[in-house]
$ cat query.pdb   # PDB, C-alpha atoms and all ligand atoms
ATOM      1  CA  MET A   1      75.307   5.790-140.502
ATOM      2  CA  LYS A   2      76.493   9.420-140.344
ATOM      3  CA  VAL A   3      79.995  10.842-139.974
ATOM      4  CA  ILE A   4      80.451  13.974-137.876
ATOM      5  CA  SER A   5      83.526  16.033-138.593
ATOM      6  CA  CYS A   6      84.766  18.261-135.773
ATOM      7  CA  LEU A   7      86.663  21.477-136.468
ATOM      8  CA  ASN A   8      90.181  20.074-136.200
ATOM      9  CA  ASP A   9      89.485  16.949-138.289
ATOM     10  CA  PRO A  10      92.276  16.931-140.929
ATOM     11  CA  GLY A  11      89.822  15.999-143.689
ATOM     12  CA  LEU A  12      89.521  12.350-142.676
ATOM     13  CA  GLY A  13      85.793  12.678-141.903
ATOM     14  CA  GLU A  14      85.062  13.666-145.471
ATOM     15  CA  SER A  15      87.248  10.888-146.942
ATOM     16  CA  VAL A  16      85.772   8.227-144.640
ATOM     17  CA  ALA A  17      82.191   9.376-145.397
ATOM     18  CA  LYS A  18      82.990   9.116-149.123
ATOM     19  CA  ILE A  19      84.449   5.607-148.819
ATOM     20  CA  MET A  20      81.464   4.455-146.747
ATOM     21  CA  ASN A  21      79.013   6.376-148.958
ATOM     22  CA  VAL A  22      77.301   8.084-146.032
ATOM     23  CA  ASP A  23      76.451  11.690-145.136
ATOM     24  CA  LEU A  24      79.005  13.989-143.563
ATOM     25  CA  ILE A  25      77.746  16.364-140.891
ATOM     26  CA  ARG A  26      79.676  19.373-139.675
ATOM     27  CA  ILE A  27      79.134  20.578-136.146
ATOM     28  CA  SER A  28      77.946  24.110-135.423
ATOM     29  CA  SER A  29      80.476  25.716-133.170
ATOM     30  CA  LYS A  30      81.229  29.194-131.896
ATOM     31  CA  LYS A  31      83.256  30.924-129.266
ATOM     32  CA  PHE A  32      81.654  33.188-126.713
ATOM     33  CA  PRO A  33      83.293  36.602-126.205
ATOM     34  CA  ASP A  34      85.058  35.299-123.090
ATOM     35  CA  GLY A  35      86.599  32.417-125.037
ATOM     36  CA  GLU A  36      84.236  29.621-123.988
ATOM     37  CA  LEU A  37      83.263  27.117-126.647
ATOM     38  CA  TYR A  38      79.716  26.280-127.830
ATOM     39  CA  VAL A  39      78.931  23.149-129.827
ATOM     40  CA  ARG A  40      75.671  21.965-131.378
ATOM     41  CA  VAL A  41      74.777  19.079-133.672
ATOM     42  CA  ARG A  42      71.558  20.126-135.382
ATOM     43  CA  GLU A  43      70.611  16.985-137.338
ATOM     44  CA  ASN A  44      68.216  14.541-135.750
ATOM     45  CA  LEU A  45      70.322  11.412-135.267
ATOM     46  CA  ASN A  46      67.807   9.194-133.462
ATOM     47  CA  GLY A  47      68.443   5.539-134.268
ATOM     48  CA  GLU A  48      71.642   6.246-136.243
ATOM     49  CA  ASP A  49      75.118   4.761-136.001
ATOM     50  CA  VAL A  50      77.303   7.850-135.608
ATOM     51  CA  VAL A  51      81.041   8.239-136.174
ATOM     52  CA  VAL A  52      82.700  11.360-134.726
ATOM     53  CA  LEU A  53      86.069  12.361-136.176
ATOM     54  CA  GLN A  54      88.473  14.779-134.548
ATOM     55  CA  THR A  55      92.219  15.033-134.213
ATOM     56  CA  THR A  56      94.009  16.751-131.352
ATOM     57  CA  TYR A  57      96.901  18.638-132.894
ATOM     58  CA  PRO A  58      97.336  21.556-133.249
ATOM     59  CA  ASN A  59      95.514  23.143-130.287
ATOM     60  CA  GLN A  60      95.321  20.010-128.145
ATOM     61  CA  ASN A  61      93.294  21.552-125.324
ATOM     62  CA  GLU A  62      90.690  23.219-127.500
ATOM     63  CA  SER A  63      90.388  20.162-129.773
ATOM     64  CA  LEU A  64      89.789  17.898-126.795
ATOM     65  CA  THR A  65      87.213  20.239-125.286
ATOM     66  CA  GLU A  66      85.411  20.455-128.627
ATOM     67  CA  LEU A  67      85.461  16.661-128.874
ATOM     68  CA  TYR A  68      84.034  16.240-125.348
ATOM     69  CA  PHE A  69      81.253  18.740-126.059
ATOM     70  CA  THR A  70      80.441  17.165-129.434
ATOM     71  CA  ILE A  71      80.121  13.695-127.923
ATOM     72  CA  ASP A  72      77.981  15.070-125.109
ATOM     73  CA  SER A  73      75.752  17.027-127.508
ATOM     74  CA  LEU A  74      74.910  13.717-129.201
ATOM     75  CA  ARG A  75      73.240  12.618-125.988
ATOM     76  CA  SER A  76      70.270  14.753-127.140
ATOM     77  CA  TYR A  77      69.552  11.860-129.518
ATOM     78  CA  LYS A  78      69.032   8.144-129.017
ATOM     79  CA  LEU A  79      71.937   6.834-131.088
ATOM     80  CA  HIS A  80      72.277   3.212-132.108
ATOM     81  CA  LYS A  81      76.078   3.105-131.779
ATOM     82  CA  LEU A  82      78.626   5.853-131.175
ATOM     83  CA  VAL A  83      82.131   5.463-132.590
ATOM     84  CA  VAL A  84      84.718   8.134-131.752
ATOM     85  CA  ILE A  85      87.800   8.340-133.960
ATOM     86  CA  VAL A  86      90.806  10.399-132.912
ATOM     87  CA  PRO A  87      93.756   9.439-135.139
ATOM     88  CA  TYR A  88      96.180  11.461-133.017
ATOM     89  CA  LEU A  89      95.247  11.442-129.343
ATOM     90  CA  ALA A  90      97.204  14.083-127.436
ATOM     91  CA  TYR A  91      98.734  13.663-123.974
ATOM     92  CA  MET A  92      99.398   9.935-124.437
ATOM     93  CA  ARG A  93     103.161  10.355-123.887
ATOM     94  CA  GLN A  94     102.488  11.195-120.228
ATOM     95  CA  ASP A  95     101.399   7.599-119.602
ATOM     96  CA  LYS A  96     103.301   7.255-116.307
ATOM     97  CA  ARG A  97     104.169   9.479-113.374
ATOM     98  CA  PHE A  98     107.796   9.790-114.460
ATOM     99  CA  LEU A  99     108.587  12.240-111.628
ATOM    100  CA  MET A 100     106.908  12.721-108.240
ATOM    101  CA  GLY A 101     104.016  15.149-108.350
ATOM    102  CA  GLU A 102     103.286  14.828-112.071
ATOM    103  CA  SER A 103      99.827  14.349-113.516
ATOM    104  CA  LEU A 104      99.071  11.074-115.293
ATOM    105  CA  SER A 105      97.643  13.123-118.160
ATOM    106  CA  ALA A 106      97.004  10.200-120.519
ATOM    107  CA  LYS A 107      94.685   8.560-117.998
ATOM    108  CA  VAL A 108      92.857  11.818-117.268
ATOM    109  CA  VAL A 109      92.053  12.302-120.971
ATOM    110  CA  ILE A 110      90.899   8.683-121.329
ATOM    111  CA  ASN A 111      88.817   8.863-118.157
ATOM    112  CA  ILE A 112      86.975  11.935-119.418
ATOM    113  CA  LEU A 113      86.210  10.025-122.635
ATOM    114  CA  ASN A 114      85.030   7.104-120.486
ATOM    115  CA  MET A 115      82.580   9.410-118.697
ATOM    116  CA  LEU A 116      81.016  10.298-122.034
ATOM    117  CA  ASN A 117      79.779   6.754-122.757
ATOM    118  CA  ILE A 118      81.302   5.907-126.118
ATOM    119  CA  ASP A 119      80.631   2.509-127.703
ATOM    120  CA  TYR A 120      83.911   2.262-129.659
ATOM    121  CA  PHE A 121      87.083   4.345-129.752
ATOM    122  CA  ILE A 122      89.481   4.198-132.704
ATOM    123  CA  THR A 123      92.920   5.771-132.761
ATOM    124  CA  VAL A 124      96.162   5.350-134.684
ATOM    125  CA  ASP A 125      99.468   4.346-133.085
ATOM    126  CA  ILE A 126      98.628   5.340-129.540
ATOM    127  CA  HIS A 127     101.980   6.120-127.916
ATOM    128  CA  ASN A 128     101.905   3.107-125.605
ATOM    129  CA  ASP A 129      99.490   0.187-126.053
ATOM    130  CA  HIS A 130      99.010  -0.183-122.324
ATOM    131  CA  CYS A 131      96.832   2.971-122.384
ATOM    132  CA  LEU A 132      94.237   1.062-124.440
ATOM    133  CA  LYS A 133      93.387  -0.901-121.301
ATOM    134  CA  TRP A 134      92.188   2.291-119.606
ATOM    135  CA  PHE A 135      89.255   2.640-122.001
ATOM    136  CA  LYS A 136      85.975   1.230-120.703
ATOM    137  CA  CYS A 137      84.687   0.796-124.258
ATOM    138  CA  LYS A 138      86.359  -1.306-126.940
ATOM    139  CA  ALA A 139      89.416   0.659-128.111
ATOM    140  CA  ILE A 140      90.965  -0.087-131.501
ATOM    141  CA  ASN A 141      94.512   0.995-132.338
ATOM    142  CA  ILE A 142      95.284   1.121-136.071
ATOM    143  CA  HIS A 143      98.952   0.516-136.923
ATOM    144  CA  ALA A 144     100.436   2.880-139.494
ATOM    145  CA  ALA A 145     103.878   1.211-139.733
ATOM    146  CA  PRO A 146     102.906  -1.101-142.644
ATOM    147  CA  LEU A 147     101.528   1.900-144.578
ATOM    148  CA  LEU A 148     104.680   3.920-143.910
ATOM    149  CA  ALA A 149     106.841   0.965-144.976
ATOM    150  CA  ASN A 150     104.877   0.523-148.187
ATOM    151  CA  TYR A 151     105.393   4.205-148.994
ATOM    152  CA  PHE A 152     109.153   3.577-149.130
ATOM    153  CA  ARG A 153     109.004   0.134-150.776
ATOM    154  CA  GLU A 154     110.144   1.249-154.248
ATOM    155  CA  LYS A 155     112.682   3.770-152.931
ATOM    156  CA  VAL A 156     114.944   1.383-151.011
ATOM    157  CA  SER A 157     117.078  -1.663-151.622
ATOM    158  CA  LYS A 158     117.553  -4.266-148.855
ATOM    159  CA  PRO A 159     116.853  -1.647-146.185
ATOM    160  CA  ILE A 160     117.284  -1.862-142.444
ATOM    161  CA  ILE A 161     114.425  -0.431-140.418
ATOM    162  CA  LEU A 162     115.422   1.383-137.234
ATOM    163  CA  SER A 163     113.419   2.643-134.328
ATOM    164  CA  PRO A 164     115.017   5.644-132.616
ATOM    165  CA  ASP A 165     114.278   4.153-129.194
ATOM    166  CA  MET A 166     113.008   0.956-127.538
ATOM    167  CA  GLY A 167     109.483   2.394-127.346
ATOM    168  CA  SER A 168     109.014   2.303-131.109
ATOM    169  CA  LEU A 169     110.683  -1.072-131.684
ATOM    170  CA  SER A 170     107.374  -2.888-132.296
ATOM    171  CA  ARG A 171     106.603  -0.347-135.041
ATOM    172  CA  ALA A 172     110.006  -0.911-136.653
ATOM    173  CA  ILE A 173     109.438  -4.679-136.512
ATOM    174  CA  GLU A 174     106.028  -4.301-138.200
ATOM    175  CA  ALA A 175     107.544  -2.127-140.927
ATOM    176  CA  ALA A 176     110.404  -4.627-141.326
ATOM    177  CA  ASN A 177     107.941  -7.518-141.639
ATOM    178  CA  THR A 178     106.050  -5.587-144.304
ATOM    179  CA  LEU A 179     109.219  -5.116-146.367
ATOM    180  CA  LYS A 180     110.833  -8.411-145.316
ATOM    181  CA  ALA A 181     113.747  -6.322-144.077
ATOM    182  CA  ASP A 182     116.170  -6.292-141.147
ATOM    183  CA  TYR A 183     115.506  -4.141-138.104
ATOM    184  CA  ASP A 184     117.237  -2.771-135.040
ATOM    185  CA  PHE A 185     116.770  -0.002-132.500
ATOM    186  CA  LEU A 186     118.808   2.922-131.204
ATOM    187  CA  ILE A 187     119.189   3.937-127.587
ATOM    188  CA  LYS A 188     117.694   7.285-126.685
ATOM    189  CA  ILE A 189     118.095   9.023-123.361
ATOM    190  CA  ARG A 190     115.697  11.843-122.542
ATOM    191  CA  ASP A 191     116.305  14.229-119.663
ATOM    192  CA  ARG A 192     112.931  14.182-117.880
ATOM    193  CA  VAL A 193     113.390  17.734-116.587
ATOM    194  CA  THR A 194     114.789  19.619-119.594
ATOM    195  CA  GLY A 195     113.321  17.289-122.263
ATOM    196  CA  SER A 196     116.690  17.250-124.080
ATOM    197  CA  ILE A 197     117.544  14.121-126.027
ATOM    198  CA  GLN A 198     120.702  12.149-126.591
ATOM    199  CA  VAL A 199     120.877   9.196-128.969
ATOM    200  CA  LYS A 200     123.698   6.984-127.685
ATOM    201  CA  PRO A 201     126.292   5.884-130.238
ATOM    202  CA  LYS A 202     125.705   2.229-131.035
ATOM    203  CA  GLU A 203     127.782  -0.363-132.862
ATOM    204  CA  ILE A 204     125.447  -1.025-135.726
ATOM    205  CA  ASP A 205     126.421  -2.211-139.181
ATOM    206  CA  VAL A 206     124.643   0.253-141.426
ATOM    207  CA  ALA A 207     127.520   1.540-143.607
ATOM    208  CA  GLY A 208     126.373   1.666-147.223
ATOM    209  CA  ARG A 209     122.853   0.471-146.316
ATOM    210  CA  ASP A 210     119.510   2.101-146.997
ATOM    211  CA  VAL A 211     117.877   2.957-143.678
ATOM    212  CA  ILE A 212     114.290   3.817-142.765
ATOM    213  CA  ILE A 213     113.705   5.287-139.297
ATOM    214  CA  ILE A 214     110.174   4.646-138.040
ATOM    215  CA  ASP A 215     108.683   6.552-135.096
ATOM    216  CA  ASP A 216     105.206   7.372-133.838
ATOM    217  CA  ILE A 217     105.575  11.114-133.227
ATOM    218  CA  ILE A 218     107.873  13.829-134.491
ATOM    219  CA  SER A 219     107.438  16.837-132.258
ATOM    220  CA  THR A 220     110.510  19.078-131.973
ATOM    221  CA  GLY A 221     112.479  16.766-134.269
ATOM    222  CA  GLY A 222     115.186  16.285-131.599
ATOM    223  CA  THR A 223     114.921  12.484-131.659
ATOM    224  CA  ILE A 224     115.189  12.200-135.430
ATOM    225  CA  ILE A 225     117.940  14.832-135.707
ATOM    226  CA  ASN A 226     120.075  12.958-133.174
ATOM    227  CA  ALA A 227     119.426   9.599-134.834
ATOM    228  CA  ALA A 228     119.973  10.880-138.390
ATOM    229  CA  THR A 229     123.196  12.682-137.442
ATOM    230  CA  MET A 230     124.576   9.507-135.881
ATOM    231  CA  LEU A 231     123.517   7.351-138.844
ATOM    232  CA  ARG A 232     125.101   9.738-141.362
ATOM    233  CA  LYS A 233     128.362   9.487-139.378
ATOM    234  CA  LEU A 234     128.107   5.698-139.654
ATOM    235  CA  GLY A 235     127.987   6.043-143.454
ATOM    236  CA  VAL A 236     124.435   5.010-144.340
ATOM    237  CA  ASN A 237     123.416   5.189-147.986
ATOM    238  CA  LYS A 238     119.827   6.472-148.360
ATOM    239  CA  LEU A 239     118.165   7.704-145.188
ATOM    240  CA  PHE A 240     114.375   7.897-144.924
ATOM    241  CA  VAL A 241     112.111   8.790-142.009
ATOM    242  CA  GLY A 242     108.504   7.708-141.559
ATOM    243  CA  CYS A 243     106.325   8.811-138.666
ATOM    244  CA  THR A 244     102.669   8.402-137.836
ATOM    245  CA  HIS A 245     102.011  11.794-136.256
ATOM    246  CA  PRO A 246     104.049  14.619-137.863
ATOM    247  CA  LEU A 247     103.460  17.390-135.327
ATOM    248  CA  LEU A 248     106.606  19.170-136.545
ATOM    249  CA  VAL A 249     106.699  21.925-133.957
ATOM    250  CA  ASN A 250     108.153  25.277-135.154
ATOM    251  CA  ASN A 251     110.885  24.621-137.736
ATOM    252  CA  ALA A 252     111.376  20.915-136.916
ATOM    253  CA  LEU A 253     111.037  19.902-140.575
ATOM    254  CA  GLU A 254     113.741  22.311-141.799
ATOM    255  CA  LYS A 255     116.069  21.207-139.005
ATOM    256  CA  ILE A 256     115.557  17.519-139.846
ATOM    257  CA  LEU A 257     116.151  18.139-143.555
ATOM    258  CA  GLN A 258     119.469  19.808-142.675
ATOM    259  CA  THR A 259     120.682  16.405-141.457
ATOM    260  CA  LYS A 260     120.538  15.284-145.110
ATOM    261  CA  VAL A 261     117.596  12.954-144.686
ATOM    262  CA  ASP A 262     116.546  11.896-148.198
ATOM    263  CA  GLU A 263     112.833  12.047-147.464
ATOM    264  CA  ILE A 264     110.562  12.284-144.480
ATOM    265  CA  VAL A 265     106.923  11.278-144.577
ATOM    266  CA  GLY A 266     104.037  11.192-142.113
ATOM    267  CA  SER A 267     100.445  10.054-142.054
ATOM    268  CA  ASN A 268      97.420  12.323-142.340
ATOM    269  CA  SER A 269      96.491  11.803-138.677
ATOM    270  CA  VAL A 270      97.289  15.525-138.446
ATOM    271  CA  ARG A 271      97.743  18.136-141.156
ATOM    272  CA  SER A 272     101.350  18.862-142.134
ATOM    273  CA  ALA A 273     103.560  19.450-145.155
ATOM    274  CA  ILE A 274     104.545  15.757-145.120
ATOM    275  CA  SER A 275     101.171  14.087-144.356
ATOM    276  CA  LYS A 276     101.217  11.914-147.482
ATOM    277  CA  VAL A 277     100.389   8.464-146.103
ATOM    278  CA  GLN A 278      96.605   8.167-146.111
ATOM    279  CA  LEU A 279      94.741   6.546-143.213
ATOM    280  CA  GLN A 280      91.143   6.733-144.452
ATOM    281  CA  GLU A 281      90.984   3.216-145.954
ATOM    282  CA  GLU A 282      92.273   1.623-142.730
ATOM    283  CA  ILE A 283      89.882   3.713-140.652
ATOM    284  CA  ALA A 284      86.934   2.727-142.887
ATOM    285  CA  LYS A 285      87.939  -0.964-142.589
ATOM    286  CA  SER A 286      87.924  -0.687-138.784
ATOM    287  CA  ILE A 287      84.487   0.972-138.805
ATOM    288  CA  LYS A 288      83.076  -1.751-141.078
ATOM    289  CA  LYS A 289      84.235  -4.414-138.615
ATOM    290  CA  ILE A 290      82.193  -2.904-135.770
ATOM    291  CA  ILE A 291      79.130  -1.414-137.484
TER     292      ILE A 291
HETATM  293  C1  LIG B   1     108.863   9.426-127.735
HETATM  294  O1  LIG B   1     108.812   8.511-126.925
HETATM  295  C2  LIG B   1     108.202   9.402-129.066
HETATM  296  O2  LIG B   1     108.094   8.101-129.567
HETATM  297  C3  LIG B   1     108.923  10.284-130.053
HETATM  298  O3  LIG B   1     110.200   9.734-130.319
HETATM  299  C4  LIG B   1     109.065  11.672-129.513
HETATM  300  O4  LIG B   1     107.841  12.158-129.063
HETATM  301  C5  LIG B   1     109.630  12.601-130.551
HETATM  302  O5  LIG B   1     109.745  13.871-129.996
HETATM  303  P1  LIG B   1     110.794  14.913-130.580
HETATM  304  O6  LIG B   1     110.515  15.036-132.053
HETATM  305  O7  LIG B   1     110.498  16.182-129.835
HETATM  306  O8  LIG B   1     112.137  14.381-130.301
END
$ encode --input "query.pdb" --output "structure tokens" --more "lines below"
Ligand code: R5P
Amino acid sequence: MKVISCLNDPGLGESVAKIMNVDLIRISSKKFPDGELYVRVRENLNGEDVVVLQTTYPNQNESLTELYFTIDSLRSYKLHKLVVIVPYLAYMRQDKRFLMGESLSAKVVINILNMLNIDYFITVDIHNDHCLKWFKCKAINIHAAPLLANYFREKVSKPIILSPDMGSLSRAIEAANTLKADYDFLIKIRDRVTGSIQVKPKEIDVAGRDVIIIDDIISTGGTIINAATMLRKLGVNKLFVGCTHPLLVNNALEKILQTKVDEIVGSNSVRSAISKVQLQEEIAKSIKKII
């Protein structure tokens, strides 16, 4: 087996190759003067099981293009099995046509991957599980909530786990099960045109309690800022935030910390200042199950 690390891989290729004790290959890539991308995999991979690792933030469009070209370049060889791992898969939030005339971007991205004939696809906390059904190959979705919960285990006492909206409730429940804790969810309303967020006040008995908010993505931080501000008003004790994909656009982290969150942590599905929860062991376990 060989692991191929694409340019935006946040170091997971190297860690996974180490755990599995296999060679790591880096792609050769360059940009033509007009901006077009060139990708080549030089090693002869005939007969090999190959794992390709790439993430898709930052630079979603370029990362995806590089991933498509890398997978296609492998068609030069007769591989045994091809496993593609993208811990953060961009565009998955547009998993419906919310407004007339919109693109169903999540399906477009998955359909392009389908055209490239992958044997297995592994991701982490895809935004909505129903997108997994669009893959033609077997698609595996690793859940980071138990890892995030374990990160906070020693820092909290009888916590309540909250999801900032209904969409992340299953993640909050998984984290709550891990810590044998209570859980609940908040009600978020997003304006589909402006993108602005409002977390509705909710009668929820959190005064004096330790709270962990669990979400899949932190992008602008708007969701967490709204939730944290409301929870502080309700008199919570310690307030922690765990997210799988800490995109942290612009100064999202600083703005969240201003809400007096005690700590915020993310996984290393993308690089960030808070990517402390490590996914490599879970990824290696998933690979071992299929190869
Ligand atoms: C939305 O459905 C997601 O689960 C996240 O809550 C959202 O993407 C976070 O975005 P932002 O940080 O911009 O509020």
$ resolve_selection --input "query.pdb" --expression "the PyMOL selection byres (((not hetatm)) within 8 of (chain B and resi 1))" --output "PyMOL selection string"
chain A and resi 93+127+164-165+167-168+197+215-225+248+252
$ resolve_selection --input "query.pdb" --expression "the PyMOL selection byres (((chain A and resi 274) around 12) and not hetatm)" --output "VMD selection string"
chain A and resid 148 218 241 to 248 252 to 254 257 263 to 273 275 to 278
$ closest_residue --input "query.pdb" --among "A:Ile19, A:Leu37, A:Leu24, A:Pro10" --to "Lys288 (chain A)" --atoms "only C-alpha atoms"
A:Ile19
$ closest_residue --input "query.pdb" --among "A:Ala284, A:Ile214, A:Leu89, A:Leu104" --to "Gln60 (chain A)" --atoms "all atoms listed in the file"
A:Leu89
$ residues_near_point --input "query.pdb" --point "(82.7, 16.9, -137.4)" --cutoff "8 Å" --atoms "all atoms listed in the file" --output "PyMOL selection string"
chain A and resi 3-7+9+13+24-27+52-54
$ residues_around --input "query.pdb" --residues "Gly208 (chain A)" --least-positions-apart "2" --cutoff "10 Å" --atoms "only C-alpha atoms" --output "ChimeraX atom specification"
/A:205-206,210-211,234-238
$ resolve_selection --input "query.pdb" --expression "the PyMOL selection byres (((chain A and resi 78) around 12) and not hetatm)" --output "PyMOL selection string"
chain A and resi 44-50+72-77+79-82
$ write_last_selection --input "query.pdb" --atoms "C-alpha atoms" --output "PDB file, in the frame of the given file"
ATOM      1  CA  ASN A  44      68.216  14.541-135.750  1.00  0.00           C
ATOM      2  CA  LEU A  45      70.322  11.412-135.267  1.00  0.00           C
ATOM      3  CA  ASN A  46      67.807   9.194-133.462  1.00  0.00           C
ATOM      4  CA  GLY A  47      68.443   5.539-134.268  1.00  0.00           C
ATOM      5  CA  GLU A  48      71.642   6.246-136.243  1.00  0.00           C
ATOM      6  CA  ASP A  49      75.118   4.761-136.001  1.00  0.00           C
ATOM      7  CA  VAL A  50      77.303   7.850-135.608  1.00  0.00           C
ATOM      8  CA  ASP A  72      77.981  15.070-125.109  1.00  0.00           C
ATOM      9  CA  SER A  73      75.752  17.027-127.508  1.00  0.00           C
ATOM     10  CA  LEU A  74      74.910  13.717-129.201  1.00  0.00           C
ATOM     11  CA  ARG A  75      73.240  12.618-125.988  1.00  0.00           C
ATOM     12  CA  SER A  76      70.270  14.753-127.140  1.00  0.00           C
ATOM     13  CA  TYR A  77      69.552  11.860-129.518  1.00  0.00           C
ATOM     14  CA  LEU A  79      71.937   6.834-131.088  1.00  0.00           C
ATOM     15  CA  HIS A  80      72.277   3.212-132.108  1.00  0.00           C
ATOM     16  CA  LYS A  81      76.078   3.105-131.779  1.00  0.00           C
ATOM     17  CA  LEU A  82      78.626   5.853-131.175  1.00  0.00           C
TER      18      LEU A  82
END
$ atom_distance --input "query.pdb" --atom1 "CA of Val84 (chain A)" --atom2 "CA of Ile173 (chain A)"
28.2 Å
$ closest_residue --input "query.pdb" --among "A:Ser157, A:Asn177, A:Thr229, A:Asn8" --to "Gln198 (chain A)" --atoms "all atoms listed in the file"
A:Thr229
$ atom_distance --input "query.pdb" --atom1 "CA of Thr123 (chain A)" --atom2 "CA of Ser163 (chain A)"
20.8 Å
$ axis_aligned_box --input "query.pdb" --around "region 170-181 of chain A" --padding-each-side "3 Å" --output "JSON"
{"center_x": 109.9, "center_y": -4.4, "center_z": -139.3, "size_x": 13.7, "size_y": 14.1, "size_z": 20.1}
$ atom_distance --input "query.pdb" --atom1 "CA of Ala90 (chain A)" --atom2 "CA of Val109 (chain A)"
8.5 Å
$ closest_residue --input "query.pdb" --among "A:Asn128, A:Asn117, A:Thr178, A:Thr55" --to "Met166 (chain A)" --atoms "only C-alpha atoms"
A:Asn128
$ closest_atom_pairs --input "query.pdb" --of "region 143-219 of chain A" --to "region 94-103 of chain A" --cutoff "12 Å" --atoms "all atoms listed in the file" --output "Markdown table"
| residue | atom | partner | partner_atom | distance |
| --- | --- | --- | --- | --- |
| A:Arg190 | CA | A:Phe98 | CA | 11.5 |
| A:Asp191 | CA | A:Phe98 | CA | 10.9 |
| A:Arg192 | CA | A:Phe98 | CA | 7.6 |
| A:Val193 | CA | A:Leu99 | CA | 8.8 |
$ closest_residue --input "query.pdb" --among "A:Glu203, A:Tyr151, A:Leu179, A:Val86" --to "Leu12 (chain A)" --atoms "all atoms listed in the file"
A:Val86
$ closest_residue --input "query.pdb" --among "A:Ser196, A:Thr259, A:Ser286, A:Asn250" --to "Ile142 (chain A)" --atoms "all atoms listed in the file"
A:Ser286
$ residues_near_point --input "query.pdb" --point "(93.8, 20.4, -125.4)" --cutoff "10 Å" --atoms "all atoms listed in the file" --output "PDB file with C-alpha atoms, in the coordinates of the input"
ATOM      1  CA  THR A  56      94.009  16.751-131.352  1.00  0.00           C
ATOM      2  CA  TYR A  57      96.901  18.638-132.894  1.00  0.00           C
ATOM      3  CA  PRO A  58      97.336  21.556-133.249  1.00  0.00           C
ATOM      4  CA  ASN A  59      95.514  23.143-130.287  1.00  0.00           C
ATOM      5  CA  GLN A  60      95.321  20.010-128.145  1.00  0.00           C
ATOM      6  CA  ASN A  61      93.294  21.552-125.324  1.00  0.00           C
ATOM      7  CA  GLU A  62      90.690  23.219-127.500  1.00  0.00           C
ATOM      8  CA  SER A  63      90.388  20.162-129.773  1.00  0.00           C
ATOM      9  CA  LEU A  64      89.789  17.898-126.795  1.00  0.00           C
ATOM     10  CA  THR A  65      87.213  20.239-125.286  1.00  0.00           C
ATOM     11  CA  GLU A  66      85.411  20.455-128.627  1.00  0.00           C
ATOM     12  CA  LEU A  67      85.461  16.661-128.874  1.00  0.00           C
ATOM     13  CA  LEU A  89      95.247  11.442-129.343  1.00  0.00           C
ATOM     14  CA  ALA A  90      97.204  14.083-127.436  1.00  0.00           C
ATOM     15  CA  TYR A  91      98.734  13.663-123.974  1.00  0.00           C
ATOM     16  CA  VAL A 109      92.053  12.302-120.971  1.00  0.00           C
TER      17      VAL A 109
END
